[in-house]
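Visitor: What follows is model03.pdb, made up of PDB, C-alpha atoms, pLDDT in the B column:
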```pdb
ATOM      1  CA  MET G 262      41.287  36.630 167.073  1.00 39.00           C
ATOM      2  CA  LEU G 263      42.032  39.580 164.830  1.00 44.00           C
ATOM      3  CA  SER G 264      44.806  41.900 165.941  1.00 48.00           C
ATOM      4  CA  GLN G 265      44.691  45.650 166.452  1.00 59.00           C
ATOM      5  CA  ALA G 266      43.231  47.834 163.762  1.00 83.00           C
ATOM      6  CA  ALA G 267      45.020  49.532 160.871  1.00 92.00           C
ATOM      7  CA  THR G 268      44.092  52.894 159.325  1.00 94.00           C
ATOM      8  CA  VAL G 269      43.742  53.352 155.556  1.00 94.00           C
ATOM      9  CA  ASN G 270      43.725  56.735 153.806  1.00 94.00           C
ATOM     10  CA  LEU G 271      43.251  56.613 150.010  1.00 94.00           C
ATOM     11  CA  SER G 272      43.694  59.980 148.312  1.00 91.00           C
ATOM     12  CA  ASN G 273      43.497  59.437 144.557  1.00 92.00           C
ATOM     13  CA  TRP G 274      43.516  57.068 141.591  1.00 93.00           C
ATOM     14  CA  THR G 275      46.954  55.559 140.969  1.00 91.00           C
ATOM     15  CA  PHE G 276      47.136  56.019 137.194  1.00 90.00           C
ATOM     16  CA  GLY G 277      44.222  58.370 136.595  1.00 87.00           C
ATOM     17  CA  LYS G 278      40.523  57.638 136.912  1.00 90.00           C
ATOM     18  CA  GLY G 279      39.629  54.102 135.909  1.00 89.00           C
ATOM     19  CA  ASN G 280      37.506  53.224 132.898  1.00 91.00           C
ATOM     20  CA  ASN G 281      33.786  52.576 133.299  1.00 92.00           C
ATOM     21  CA  VAL G 282      33.011  48.863 133.258  1.00 93.00           C
ATOM     22  CA  THR G 283      29.857  46.763 133.248  1.00 92.00           C
ATOM     23  CA  VAL G 284      30.367  43.481 135.058  1.00 91.00           C
ATOM     24  CA  GLY G 285      28.426  40.550 136.463  1.00 83.00           C
ATOM     25  CA  SER G 286      28.096  38.484 138.489  1.00 82.00           C
ATOM     26  CA  PRO G 287      28.035  40.205 141.002  1.00 86.00           C
ATOM     27  CA  VAL G 288      26.801  43.250 139.111  1.00 88.00           C
ATOM     28  CA  HIS G 289      28.760  46.506 139.031  1.00 86.00           C
ATOM     29  CA  GLN G 290      28.726  49.544 136.758  1.00 89.00           C
ATOM     30  CA  GLY G 291      31.303  52.289 137.183  1.00 89.00           C
ATOM     31  CA  PRO G 292      35.025  53.063 136.930  1.00 91.00           C
ATOM     32  CA  ALA G 293      37.553  50.405 137.903  1.00 93.00           C
ATOM     33  CA  GLY G 294      41.222  50.840 138.696  1.00 94.00           C
ATOM     34  CA  GLY G 295      43.877  51.182 141.366  1.00 94.00           C
ATOM     35  CA  PHE G 296      44.062  53.720 144.176  1.00 94.00           C
ATOM     36  CA  LYS G 297      46.925  55.228 146.130  1.00 94.00           C
ATOM     37  CA  GLY G 298      47.340  56.649 149.585  1.00 94.00           C
ATOM     38  CA  SER G 299      48.737  55.413 152.874  1.00 94.00           C
ATOM     39  CA  VAL G 300      48.176  52.694 155.442  1.00 94.00           C
ATOM     40  CA  THR G 301      49.260  52.829 159.085  1.00 93.00           C
ATOM     41  CA  PHE G 302      49.462  49.633 161.074  1.00 92.00           C
ATOM     42  CA  ALA G 303      48.910  49.401 164.813  1.00 85.00           C
ATOM     43  CA  ALA G 304      51.932  50.050 167.013  1.00 74.00           C
ATOM     44  CA  ALA G 305      51.889  46.452 168.208  1.00 69.00           C
ATOM     45  CA  GLY G 306      51.911  45.230 164.614  1.00 71.00           C
ATOM     46  CA  GLU G 307      49.370  43.625 162.314  1.00 74.00           C
ATOM     47  CA  ALA G 308      50.358  40.080 161.285  1.00 80.00           C
ATOM     48  CA  GLY G 309      53.984  41.242 161.142  1.00 83.00           C
ATOM     49  CA  PHE G 310      53.163  44.572 159.484  1.00 88.00           C
ATOM     50  CA  SER G 311      53.967  47.813 161.288  1.00 85.00           C
ATOM     51  CA  GLY G 312      54.644  51.476 160.707  1.00 90.00           C
ATOM     52  CA  THR G 313      53.210  53.667 157.943  1.00 92.00           C
ATOM     53  CA  TRP G 314      53.409  52.951 154.214  1.00 92.00           C
ATOM     54  CA  SER G 315      53.108  56.383 152.652  1.00 91.00           C
ATOM     55  CA  ASP G 316      52.959  55.183 149.029  1.00 89.00           C
ATOM     56  CA  PHE G 317      50.404  52.432 149.375  1.00 93.00           C
ATOM     57  CA  ILE G 318      48.768  51.152 146.165  1.00 93.00           C
ATOM     58  CA  THR G 319      45.582  49.124 146.424  1.00 94.00           C
ATOM     59  CA  TYR G 320      42.513  47.728 144.678  1.00 94.00           C
ATOM     60  CA  CYS G 321      39.227  46.463 146.213  1.00 89.00           C
ATOM     61  CA  VAL G 322      38.329  42.810 146.595  1.00 94.00           C
ATOM     62  CA  GLU G 323      34.552  43.157 147.011  1.00 92.00           C
ATOM     63  CA  ILE G 324      32.027  44.305 144.448  1.00 90.00           C
ATOM     64  CA  ASP G 325      29.158  44.570 146.926  1.00 85.00           C
ATOM     65  CA  GLU G 326      30.799  46.988 149.390  1.00 88.00           C
ATOM     66  CA  SER G 327      31.771  50.654 149.074  1.00 82.00           C
ATOM     67  CA  PHE G 328      34.137  53.380 150.177  1.00 86.00           C
ATOM     68  CA  ARG G 329      34.479  57.080 149.393  1.00 85.00           C
ATOM     69  CA  LEU G 330      37.723  58.297 147.857  1.00 86.00           C
ATOM     70  CA  SER G 331      39.507  61.176 149.621  1.00 77.00           C
ATOM     71  CA  SER G 332      37.175  60.891 152.601  1.00 76.00           C
ATOM     72  CA  GLY G 333      40.045  60.887 155.078  1.00 85.00           C
ATOM     73  CA  GLU G 334      41.053  58.160 157.460  1.00 91.00           C
ATOM     74  CA  MET G 335      39.240  54.828 157.314  1.00 92.00           C
ATOM     75  CA  THR G 336      39.895  53.185 160.668  1.00 93.00           C
ATOM     76  CA  GLU G 337      39.486  49.783 162.318  1.00 92.00           C
ATOM     77  CA  TYR G 338      40.813  47.662 159.438  1.00 94.00           C
ATOM     78  CA  SER G 339      42.239  44.279 160.410  1.00 92.00           C
ATOM     79  CA  VAL G 340      44.904  42.363 158.489  1.00 93.00           C
ATOM     80  CA  VAL G 341      43.595  38.926 157.517  1.00 94.00           C
ATOM     81  CA  ALA G 342      45.618  36.260 155.713  1.00 95.00           C
ATOM     82  CA  GLY G 343      44.117  35.650 152.279  1.00 95.00           C
ATOM     83  CA  ALA G 344      44.151  31.893 152.866  1.00 95.00           C
ATOM     84  CA  THR G 345      41.743  32.354 155.804  1.00 94.00           C
ATOM     85  CA  TYR G 346      39.690  35.303 154.512  1.00 95.00           C
ATOM     86  CA  GLY G 347      36.084  34.321 155.175  1.00 91.00           C
ATOM     87  CA  LYS G 348      34.528  35.750 152.012  1.00 90.00           C
ATOM     88  CA  TRP G 349      36.896  33.673 149.882  1.00 93.00           C
ATOM     89  CA  SER G 350      36.313  30.574 151.987  1.00 84.00           C
ATOM     90  CA  SER G 351      32.738  30.524 150.678  1.00 77.00           C
ATOM     91  CA  GLY G 352      34.098  30.103 147.157  1.00 68.00           C
ATOM     92  CA  ASN G 353      31.840  32.846 145.758  1.00 71.00           C
ATOM     93  CA  GLY G 354      29.638  30.152 144.265  1.00 68.00           C
ATOM     94  CA  GLN G 355      32.471  28.765 142.153  1.00 73.00           C
ATOM     95  CA  GLY G 356      34.009  26.244 144.534  1.00 79.00           C
ATOM     96  CA  ASN G 357      37.194  28.276 144.951  1.00 85.00           C
ATOM     97  CA  SER G 358      38.855  27.899 148.350  1.00 92.00           C
ATOM     98  CA  ALA G 359      40.368  30.877 150.151  1.00 94.00           C
ATOM     99  CA  ALA G 360      43.824  29.293 149.902  1.00 94.00           C
ATOM    100  CA  ALA G 361      43.469  28.718 146.154  1.00 94.00           C
ATOM    101  CA  THR G 362      42.191  32.263 145.605  1.00 95.00           C
ATOM    102  CA  ALA G 363      45.085  33.741 147.584  1.00 96.00           C
ATOM    103  CA  ASP G 364      47.597  31.640 145.639  1.00 95.00           C
ATOM    104  CA  ARG G 365      46.085  32.619 142.296  1.00 95.00           C
ATOM    105  CA  LEU G 366      46.135  36.310 143.263  1.00 97.00           C
ATOM    106  CA  GLY G 367      49.731  35.905 144.414  1.00 96.00           C
ATOM    107  CA  ARG G 368      50.714  34.489 141.032  1.00 96.00           C
ATOM    108  CA  LEU G 369      48.887  37.265 139.196  1.00 96.00           C
ATOM    109  CA  LEU G 370      50.536  40.015 141.250  1.00 95.00           C
ATOM    110  CA  THR G 371      53.945  38.322 141.068  1.00 95.00           C
ATOM    111  CA  TYR G 372      53.658  38.311 137.291  1.00 95.00           C
ATOM    112  CA  VAL G 373      52.566  41.960 137.182  1.00 94.00           C
ATOM    113  CA  GLY G 374      55.457  42.809 139.492  1.00 92.00           C
ATOM    114  CA  SER G 375      57.965  41.176 137.157  1.00 92.00           C
ATOM    115  CA  ASP G 376      57.621  43.979 134.597  1.00 92.00           C
ATOM    116  CA  SER G 377      56.630  47.518 135.569  1.00 90.00           C
ATOM    117  CA  THR G 378      55.286  48.186 132.050  1.00 93.00           C
ATOM    118  CA  LEU G 379      52.505  45.601 132.420  1.00 95.00           C
ATOM    119  CA  VAL G 380      50.390  47.990 134.508  1.00 95.00           C
ATOM    120  CA  ASP G 381      51.379  51.636 134.162  1.00 93.00           C
ATOM    121  CA  SER G 382      48.283  53.398 132.770  1.00 94.00           C
ATOM    122  CA  ALA G 383      44.615  53.896 133.629  1.00 94.00           C
ATOM    123  CA  ASP G 384      43.578  51.324 131.007  1.00 94.00           C
ATOM    124  CA  GLU G 385      46.004  48.709 132.337  1.00 95.00           C
ATOM    125  CA  SER G 386      45.005  49.467 135.915  1.00 95.00           C
ATOM    126  CA  THR G 387      41.397  48.776 134.897  1.00 95.00           C
ATOM    127  CA  SER G 388      42.595  45.504 133.365  1.00 96.00           C
ATOM    128  CA  LEU G 389      44.316  44.493 136.588  1.00 96.00           C
ATOM    129  CA  GLN G 390      41.230  45.247 138.684  1.00 95.00           C
ATOM    130  CA  LEU G 391      39.113  43.146 136.342  1.00 95.00           C
ATOM    131  CA  ALA G 392      41.665  40.332 136.445  1.00 97.00           C
ATOM    132  CA  ILE G 393      41.630  40.378 140.246  1.00 96.00           C
ATOM    133  CA  TRP G 394      37.848  40.253 140.359  1.00 95.00           C
ATOM    134  CA  ASN G 395      37.883  37.405 137.841  1.00 94.00           C
ATOM    135  CA  VAL G 396      40.189  35.395 140.115  1.00 95.00           C
ATOM    136  CA  ILE G 397      37.892  36.030 143.083  1.00 94.00           C
ATOM    137  CA  TYR G 398      34.535  35.476 141.372  1.00 92.00           C
ATOM    138  CA  ASP G 399      35.343  32.973 138.613  1.00 92.00           C
ATOM    139  CA  GLN G 400      37.620  30.091 137.641  1.00 89.00           C
ATOM    140  CA  ASP G 401      38.499  30.890 134.017  1.00 92.00           C
ATOM    141  CA  ASN G 402      40.949  33.330 132.426  1.00 93.00           C
ATOM    142  CA  SER G 403      38.438  35.179 130.283  1.00 90.00           C
ATOM    143  CA  LEU G 404      36.163  38.151 130.875  1.00 92.00           C
ATOM    144  CA  ALA G 405      33.813  36.907 128.170  1.00 90.00           C
ATOM    145  CA  GLY G 406      32.672  33.650 129.774  1.00 87.00           C
ATOM    146  CA  GLY G 407      31.988  32.037 133.117  1.00 88.00           C
ATOM    147  CA  GLN G 408      30.261  33.752 136.024  1.00 88.00           C
ATOM    148  CA  PHE G 409      32.261  37.003 136.006  1.00 91.00           C
ATOM    149  CA  LYS G 410      32.008  38.945 132.720  1.00 91.00           C
ATOM    150  CA  GLU G 411      32.740  42.479 131.491  1.00 93.00           C
ATOM    151  CA  SER G 412      30.236  43.419 128.800  1.00 90.00           C
ATOM    152  CA  SER G 413      30.760  47.101 127.927  1.00 85.00           C
ATOM    153  CA  LYS G 414      33.416  46.277 125.288  1.00 72.00           C
ATOM    154  CA  LYS G 415      34.420  49.949 125.221  1.00 74.00           C
ATOM    155  CA  GLY G 416      38.159  49.424 125.451  1.00 77.00           C
ATOM    156  CA  SER G 417      41.077  47.070 125.138  1.00 86.00           C
ATOM    157  CA  TYR G 418      41.304  46.473 128.886  1.00 91.00           C
ATOM    158  CA  ASN G 419      39.394  43.192 128.631  1.00 93.00           C
ATOM    159  CA  ASP G 420      42.030  41.750 126.306  1.00 93.00           C
ATOM    160  CA  HIS G 421      44.837  42.896 128.587  1.00 95.00           C
ATOM    161  CA  ALA G 422      43.080  41.408 131.630  1.00 96.00           C
ATOM    162  CA  LYS G 423      42.911  38.066 129.813  1.00 95.00           C
ATOM    163  CA  THR G 424      46.600  38.356 128.930  1.00 96.00           C
ATOM    164  CA  LEU G 425      47.508  38.993 132.574  1.00 97.00           C
ATOM    165  CA  LEU G 426      45.375  36.079 133.785  1.00 97.00           C
ATOM    166  CA  THR G 427      46.658  33.627 131.191  1.00 97.00           C
ATOM    167  CA  ALA G 428      50.335  34.557 131.473  1.00 97.00           C
ATOM    168  CA  SER G 429      50.317  34.454 135.274  1.00 96.00           C
ATOM    169  CA  MET G 430      49.059  30.860 135.379  1.00 94.00           C
ATOM    170  CA  GLY G 431      52.591  29.592 134.767  1.00 93.00           C
ATOM    171  CA  TRP G 432      54.166  31.693 137.496  1.00 94.00           C
ATOM    172  CA  THR G 433      54.998  30.721 141.083  1.00 94.00           C
ATOM    173  CA  SER G 434      53.847  33.236 143.663  1.00 94.00           C
ATOM    174  CA  THR G 435      56.573  35.029 145.609  1.00 93.00           C
ATOM    175  CA  LEU G 436      54.032  37.067 147.555  1.00 94.00           C
ATOM    176  CA  ASP G 437      51.967  36.426 150.663  1.00 94.00           C
ATOM    177  CA  VAL G 438      48.451  37.761 150.093  1.00 96.00           C
ATOM    178  CA  PHE G 439      46.495  39.497 152.853  1.00 96.00           C
ATOM    179  CA  VAL G 440      43.279  41.501 153.029  1.00 96.00           C
ATOM    180  CA  LEU G 441      42.677  44.735 154.909  1.00 95.00           C
ATOM    181  CA  ALA G 442      39.196  43.870 156.149  1.00 94.00           C
ATOM    182  CA  LYS G 443      36.405  45.792 157.860  1.00 93.00           C
ATOM    183  CA  ALA G 444      32.822  44.623 158.216  1.00 92.00           C
ATOM    184  CA  GLY G 445      30.385  46.736 156.228  1.00 91.00           C
ATOM    185  CA  SER G 446      33.108  48.523 154.229  1.00 92.00           C
ATOM    186  CA  GLN G 447      35.187  47.818 151.155  1.00 94.00           C
ATOM    187  CA  ASP G 448      38.107  45.457 151.828  1.00 95.00           C
ATOM    188  CA  PHE G 449      41.505  45.955 150.178  1.00 96.00           C
ATOM    189  CA  LEU G 450      44.314  43.713 148.980  1.00 96.00           C
ATOM    190  CA  LEU G 451      47.665  43.791 150.731  1.00 95.00           C
ATOM    191  CA  THR G 452      50.766  41.748 149.897  1.00 93.00           C
ATOM    192  CA  ARG G 453      54.338  41.314 151.001  1.00 91.00           C
ATOM    193  CA  ASP G 454      57.365  39.420 149.770  1.00 89.00           C
ATOM    194  CA  SER G 455      57.238  35.832 151.007  1.00 83.00           C
ATOM    195  CA  ALA G 456      61.025  35.355 150.813  1.00 57.00           C
ATOM    196  CA  PRO G 457      62.395  34.065 154.158  1.00 46.00           C
ATOM    197  CA  GLY G 458      63.916  36.741 156.340  1.00 41.00           C
ATOM    198  CA  ILE G 459      62.196  39.649 154.637  1.00 38.00           C
ATOM    199  CA  ALA G 460      59.899  41.628 156.906  1.00 38.00           C
ATOM    200  CA  LEU G 461      58.383  44.733 155.381  1.00 34.00           C
ATOM    201  CA  THR G 462      57.586  47.288 158.051  1.00 34.00           C
ATOM    202  CA  SER G 463      57.319  50.754 156.579  1.00 35.00           C
ATOM    203  CA  THR G 464      58.261  52.222 153.226  1.00 36.00           C
ATOM    204  CA  ASP G 465      58.602  55.400 151.277  1.00 34.00           C
ATOM    205  CA  ALA G 466      59.159  53.495 148.050  1.00 33.00           C
ATOM    206  CA  SER G 467      57.769  54.543 144.702  1.00 31.00           C
ATOM    207  CA  PRO G 468      54.355  53.074 143.806  1.00 33.00           C
ATOM    208  CA  VAL G 469      56.142  51.212 140.998  1.00 33.00           C
ATOM    209  CA  PRO G 470      59.544  50.033 142.243  1.00 32.00           C
ATOM    210  CA  GLU G 471      61.866  47.483 140.760  1.00 33.00           C
ATOM    211  CA  PRO G 472      60.239  44.358 139.295  1.00 32.00           C
ATOM    212  CA  ALA G 473      60.521  41.764 142.049  1.00 32.00           C
ATOM    213  CA  SER G 474      58.747  43.827 144.691  1.00 34.00           C
ATOM    214  CA  LEU G 475      56.859  46.340 142.490  1.00 36.00           C
ATOM    215  CA  ALA G 476      55.399  47.744 145.680  1.00 38.00           C
ATOM    216  CA  LEU G 477      52.918  44.969 145.266  1.00 39.00           C
ATOM    217  CA  SER G 478      54.150  44.529 148.780  1.00 36.00           C
ATOM    218  CA  LEU G 479      52.153  47.708 149.127  1.00 41.00           C
ATOM    219  CA  LEU G 480      49.335  46.532 146.972  1.00 48.00           C
ATOM    220  CA  GLY G 481      45.702  46.231 147.686  1.00 39.00           C
ATOM    221  CA  LEU G 482      43.191  46.409 144.927  1.00 37.00           C
ATOM    222  CA  ALA G 483      40.166  48.619 144.643  1.00 35.00           C
ATOM    223  CA  ALA G 484      37.583  49.536 142.055  1.00 34.00           C
ATOM    224  CA  ALA G 485      34.619  51.799 142.512  1.00 34.00           C
ATOM    225  CA  GLY G 486      31.724  53.677 141.071  1.00 35.00           C
ATOM    226  CA  ALA G 487      31.165  57.407 140.593  1.00 33.00           C
ATOM    227  CA  ALA G 488      31.830  58.220 144.243  1.00 39.00           C
ATOM    228  CA  SER G 489      34.443  55.474 144.501  1.00 45.00           C
ATOM    229  CA  ARG G 490      31.842  52.855 145.259  1.00 45.00           C
ATOM    230  CA  CYS G 491      31.790  49.137 144.669  1.00 50.00           C
ATOM    231  CA  ARG G 492      28.309  47.854 145.106  1.00 43.00           C
ATOM    232  CA  ARG G 493      25.901  45.190 144.029  1.00 35.00           C
ATOM    233  CA  ALA G 494      23.142  46.612 141.783  1.00 34.00           C
TER     234      ALA G 494
END
```
Represent the structure from my file as structure tokens, please.

Guide:
Amino acid sequence: MLSQAATVNLSNWTFGKGNNVTVGSPVHQGPAGGFKGSVTFAAAGEAGFSGTWSDFITYCVEIDESFRLSSGEMTEYSVVAGATYGKWSSGNGQGNSAAATADRLGRLLTYVGSDSTLVDSADESTSLQLAIWNVIYDQDNSLAGGQFKESSKKGSYNDHAKTLLTASMGWTSTLDVFVLAKAGSQDFLLTRDSAPGIALTSTDASPVPEPASLALSLLGLAAAGAASRCRRA
């Protein structure tokens, strides 16, 4: 059973509006990048999460769902462990298991969290969104081959996404990966430090704190189209 619902309120792009991308498969055309806002967990707690994170950073995990930026509170989100997230259990046609996808995302975000300069601009935020989608919808480390591709070639973010994917392969994840999930709406990434004894409850930390935690403990990933939409064409 899923626990009580969390409320998400995303107010703006994290590093400025994301770059327009053209990806497939699934197909998406529009800006991609991180978002910021807040998330409030149910009073009884959501999988060990509680309180309000006022500097929440997130990216979307689905290309075929949508949300509207600055639309106010988005309610009834449940916290689901990445290793049991149903949409990853299907493997997205690539044979990836939910557990393997969560581990790969954990390694990617652990690597990004090791150096705050790796993602600190709109271009690099676009790169991270693309890298996340590539983990979810593909098995390689390139945006030029496999099932998931970015074909606009209008910027250097593809190269940086490949760098992030390739470099993170050698890292061990120090993060537990979760998904803020709601049927019929865009789902968002959420992580926390997996070190024993550490229980993140609420935070007023900067969106880009010191390397080890990077506020990727506050991270969820989201990309969208003109009205902050992620959808299948």

Visitor: On this structure, which residues satisfy the PyMOL selection byres ((chain G and resi 337-345) around 7), written as a list in words?

Guide: Leu263, Ser264, Gln265, Ala266, Ala267, Thr268, Glu307, Ala308, Thr336, Tyr346, Gly347, Ser350, Ala359, Ala360, Ala363, Val438, Phe439, Val440, Leu441, Ala442 and Lys443 of chain G

Visitor: By how many Å are CA of Asp325 in chain G and CA of Pro287 in chain G apart?

Guide: 7.4 Å

Visitor: I need the output of the PyMOL selection byres ((chain G and resi 382-394) around 10) for this file as a PDB file with C-alpha atoms, keeping the file's coordinate frame; which residues are they?

Guide:
```pdb
ATOM      1  CA  TRP G 274      43.516  57.068 141.591  1.00 93.00           C
ATOM      2  CA  THR G 275      46.954  55.559 140.969  1.00 91.00           C
ATOM      3  CA  PHE G 276      47.136  56.019 137.194  1.00 90.00           C
ATOM      4  CA  GLY G 277      44.222  58.370 136.595  1.00 87.00           C
ATOM      5  CA  LYS G 278      40.523  57.638 136.912  1.00 90.00           C
ATOM      6  CA  GLY G 279      39.629  54.102 135.909  1.00 89.00           C
ATOM      7  CA  ASN G 280      37.506  53.224 132.898  1.00 91.00           C
ATOM      8  CA  ASN G 281      33.786  52.576 133.299  1.00 92.00           C
ATOM      9  CA  VAL G 282      33.011  48.863 133.258  1.00 93.00           C
ATOM     10  CA  VAL G 284      30.367  43.481 135.058  1.00 91.00           C
ATOM     11  CA  PRO G 287      28.035  40.205 141.002  1.00 86.00           C
ATOM     12  CA  PRO G 292      35.025  53.063 136.930  1.00 91.00           C
ATOM     13  CA  ALA G 293      37.553  50.405 137.903  1.00 93.00           C
ATOM     14  CA  GLY G 294      41.222  50.840 138.696  1.00 94.00           C
ATOM     15  CA  GLY G 295      43.877  51.182 141.366  1.00 94.00           C
ATOM     16  CA  PHE G 296      44.062  53.720 144.176  1.00 94.00           C
ATOM     17  CA  THR G 319      45.582  49.124 146.424  1.00 94.00           C
ATOM     18  CA  TYR G 320      42.513  47.728 144.678  1.00 94.00           C
ATOM     19  CA  CYS G 321      39.227  46.463 146.213  1.00 89.00           C
ATOM     20  CA  VAL G 322      38.329  42.810 146.595  1.00 94.00           C
ATOM     21  CA  GLU G 323      34.552  43.157 147.011  1.00 92.00           C
ATOM     22  CA  ILE G 324      32.027  44.305 144.448  1.00 90.00           C
ATOM     23  CA  THR G 362      42.191  32.263 145.605  1.00 95.00           C
ATOM     24  CA  ARG G 365      46.085  32.619 142.296  1.00 95.00           C
ATOM     25  CA  LEU G 366      46.135  36.310 143.263  1.00 97.00           C
ATOM     26  CA  LEU G 369      48.887  37.265 139.196  1.00 96.00           C
ATOM     27  CA  LEU G 370      50.536  40.015 141.250  1.00 95.00           C
ATOM     28  CA  VAL G 373      52.566  41.960 137.182  1.00 94.00           C
ATOM     29  CA  THR G 378      55.286  48.186 132.050  1.00 93.00           C
ATOM     30  CA  LEU G 379      52.505  45.601 132.420  1.00 95.00           C
ATOM     31  CA  VAL G 380      50.390  47.990 134.508  1.00 95.00           C
ATOM     32  CA  ASP G 381      51.379  51.636 134.162  1.00 93.00           C
ATOM     33  CA  ASN G 395      37.883  37.405 137.841  1.00 94.00           C
ATOM     34  CA  VAL G 396      40.189  35.395 140.115  1.00 95.00           C
ATOM     35  CA  ILE G 397      37.892  36.030 143.083  1.00 94.00           C
ATOM     36  CA  TYR G 398      34.535  35.476 141.372  1.00 92.00           C
ATOM     37  CA  ASP G 399      35.343  32.973 138.613  1.00 92.00           C
ATOM     38  CA  ASN G 402      40.949  33.330 132.426  1.00 93.00           C
ATOM     39  CA  SER G 403      38.438  35.179 130.283  1.00 90.00           C
ATOM     40  CA  LEU G 404      36.163  38.151 130.875  1.00 92.00           C
ATOM     41  CA  PHE G 409      32.261  37.003 136.006  1.00 91.00           C
ATOM     42  CA  LYS G 410      32.008  38.945 132.720  1.00 91.00           C
ATOM     43  CA  GLU G 411      32.740  42.479 131.491  1.00 93.00           C
ATOM     44  CA  GLY G 416      38.159  49.424 125.451  1.00 77.00           C
ATOM     45  CA  SER G 417      41.077  47.070 125.138  1.00 86.00           C
ATOM     46  CA  TYR G 418      41.304  46.473 128.886  1.00 91.00           C
ATOM     47  CA  ASN G 419      39.394  43.192 128.631  1.00 93.00           C
ATOM     48  CA  ASP G 420      42.030  41.750 126.306  1.00 93.00           C
ATOM     49  CA  HIS G 421      44.837  42.896 128.587  1.00 95.00           C
ATOM     50  CA  ALA G 422      43.080  41.408 131.630  1.00 96.00           C
ATOM     51  CA  LYS G 423      42.911  38.066 129.813  1.00 95.00           C
ATOM     52  CA  THR G 424      46.600  38.356 128.930  1.00 96.00           C
ATOM     53  CA  LEU G 425      47.508  38.993 132.574  1.00 97.00           C
ATOM     54  CA  LEU G 426      45.375  36.079 133.785  1.00 97.00           C
ATOM     55  CA  THR G 427      46.658  33.627 131.191  1.00 97.00           C
ATOM     56  CA  LEU G 450      44.314  43.713 148.980  1.00 96.00           C
ATOM     57  CA  LEU G 482      43.191  46.409 144.927  1.00 37.00           C
ATOM     58  CA  ALA G 483      40.166  48.619 144.643  1.00 35.00           C
ATOM     59  CA  ALA G 484      37.583  49.536 142.055  1.00 34.00           C
TER      60      ALA G 484
END
```

Visitor: Measure the distance from CA of Asn353 in chain G to CA of Gln447 in chain G in Å and round it to one decimal.

Guide: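 For CA of Asn353 in chain G relative to CA of Gln447 in chain G, the distance reads 16.3 Å.
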
Visitor: Between G:Asp437, G:Asp316, G:Asp376, G:Asp401, which is the closest to Asp364 in chain G once you count all atoms listed in the file?

Guide: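 Going through G:Asp437, G:Asp316, G:Asp376, G:Asp401 one by one, the smallest distance to Asp364 in chain G is for G:Asp437.
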
Visitor: Using Å and a single decimal, report how far CA of Ala444 in chain G sits from CA of Trp314 in chain G.

Guide: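 Taking CA of Trp314 in chain G and CA of Ala444 in chain G, their separation equals 22.6 Å.
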
Visitor: Is it possible to get the axis-aligned box enclosing range 283-295 of chain G (all listed atoms, 4 Å extra per side) as AutoDock Vina command-line options, with centre and edge lengths in Å rounded to one decimal?

Guide:
```
--center_x 35.3 --center_y 45.8 --center_z 137.3 --size_x 25.1 --size_y 22.6 --size_z 16.1
```

Visitor: So which one's closest to Ser358 in chain G, G:Ser413, G:Ser455, G:Gln400, G:Thr435? Using only C-alpha atoms, please.

Guide: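 Looking only at the distances to Ser358 in chain G, the closest residue turns out to be G:Gln400.
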
Visitor: Hey, what's within 7 Å of Val300 in chain G if we count only C-alpha atoms and toss same-chain stuff fewer than 5 positions away? As an mmCIF file with C-alpha atoms, in the frame of the given file, please?

Guide:
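Output saved as part20.cif:
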```cif
data_model
loop_
_atom_site.group_PDB
_atom_site.id
_atom_site.type_symbol
_atom_site.label_atom_id
_atom_site.label_comp_id
_atom_site.auth_asym_id
_atom_site.auth_seq_id
_atom_site.Cartn_x
_atom_site.Cartn_y
_atom_site.Cartn_z
ATOM 1 C CA THR G 268 44.092 52.894 159.325
ATOM 2 C CA VAL G 269 43.742 53.352 155.556
ATOM 3 C CA ASN G 270 43.725 56.735 153.806
ATOM 4 C CA THR G 313 53.210 53.667 157.943
ATOM 5 C CA TRP G 314 53.409 52.951 154.214
ATOM 6 C CA SER G 315 53.108 56.383 152.652
ATOM 7 C CA PHE G 317 50.404 52.432 149.375
#
```

Visitor: I would like the residues chosen by the PyMOL selection byres ((chain G and resi 302) around 6) on the shown file; could you give them as a ChimeraX atom specification?

Guide: /G:267,301,303,311-312
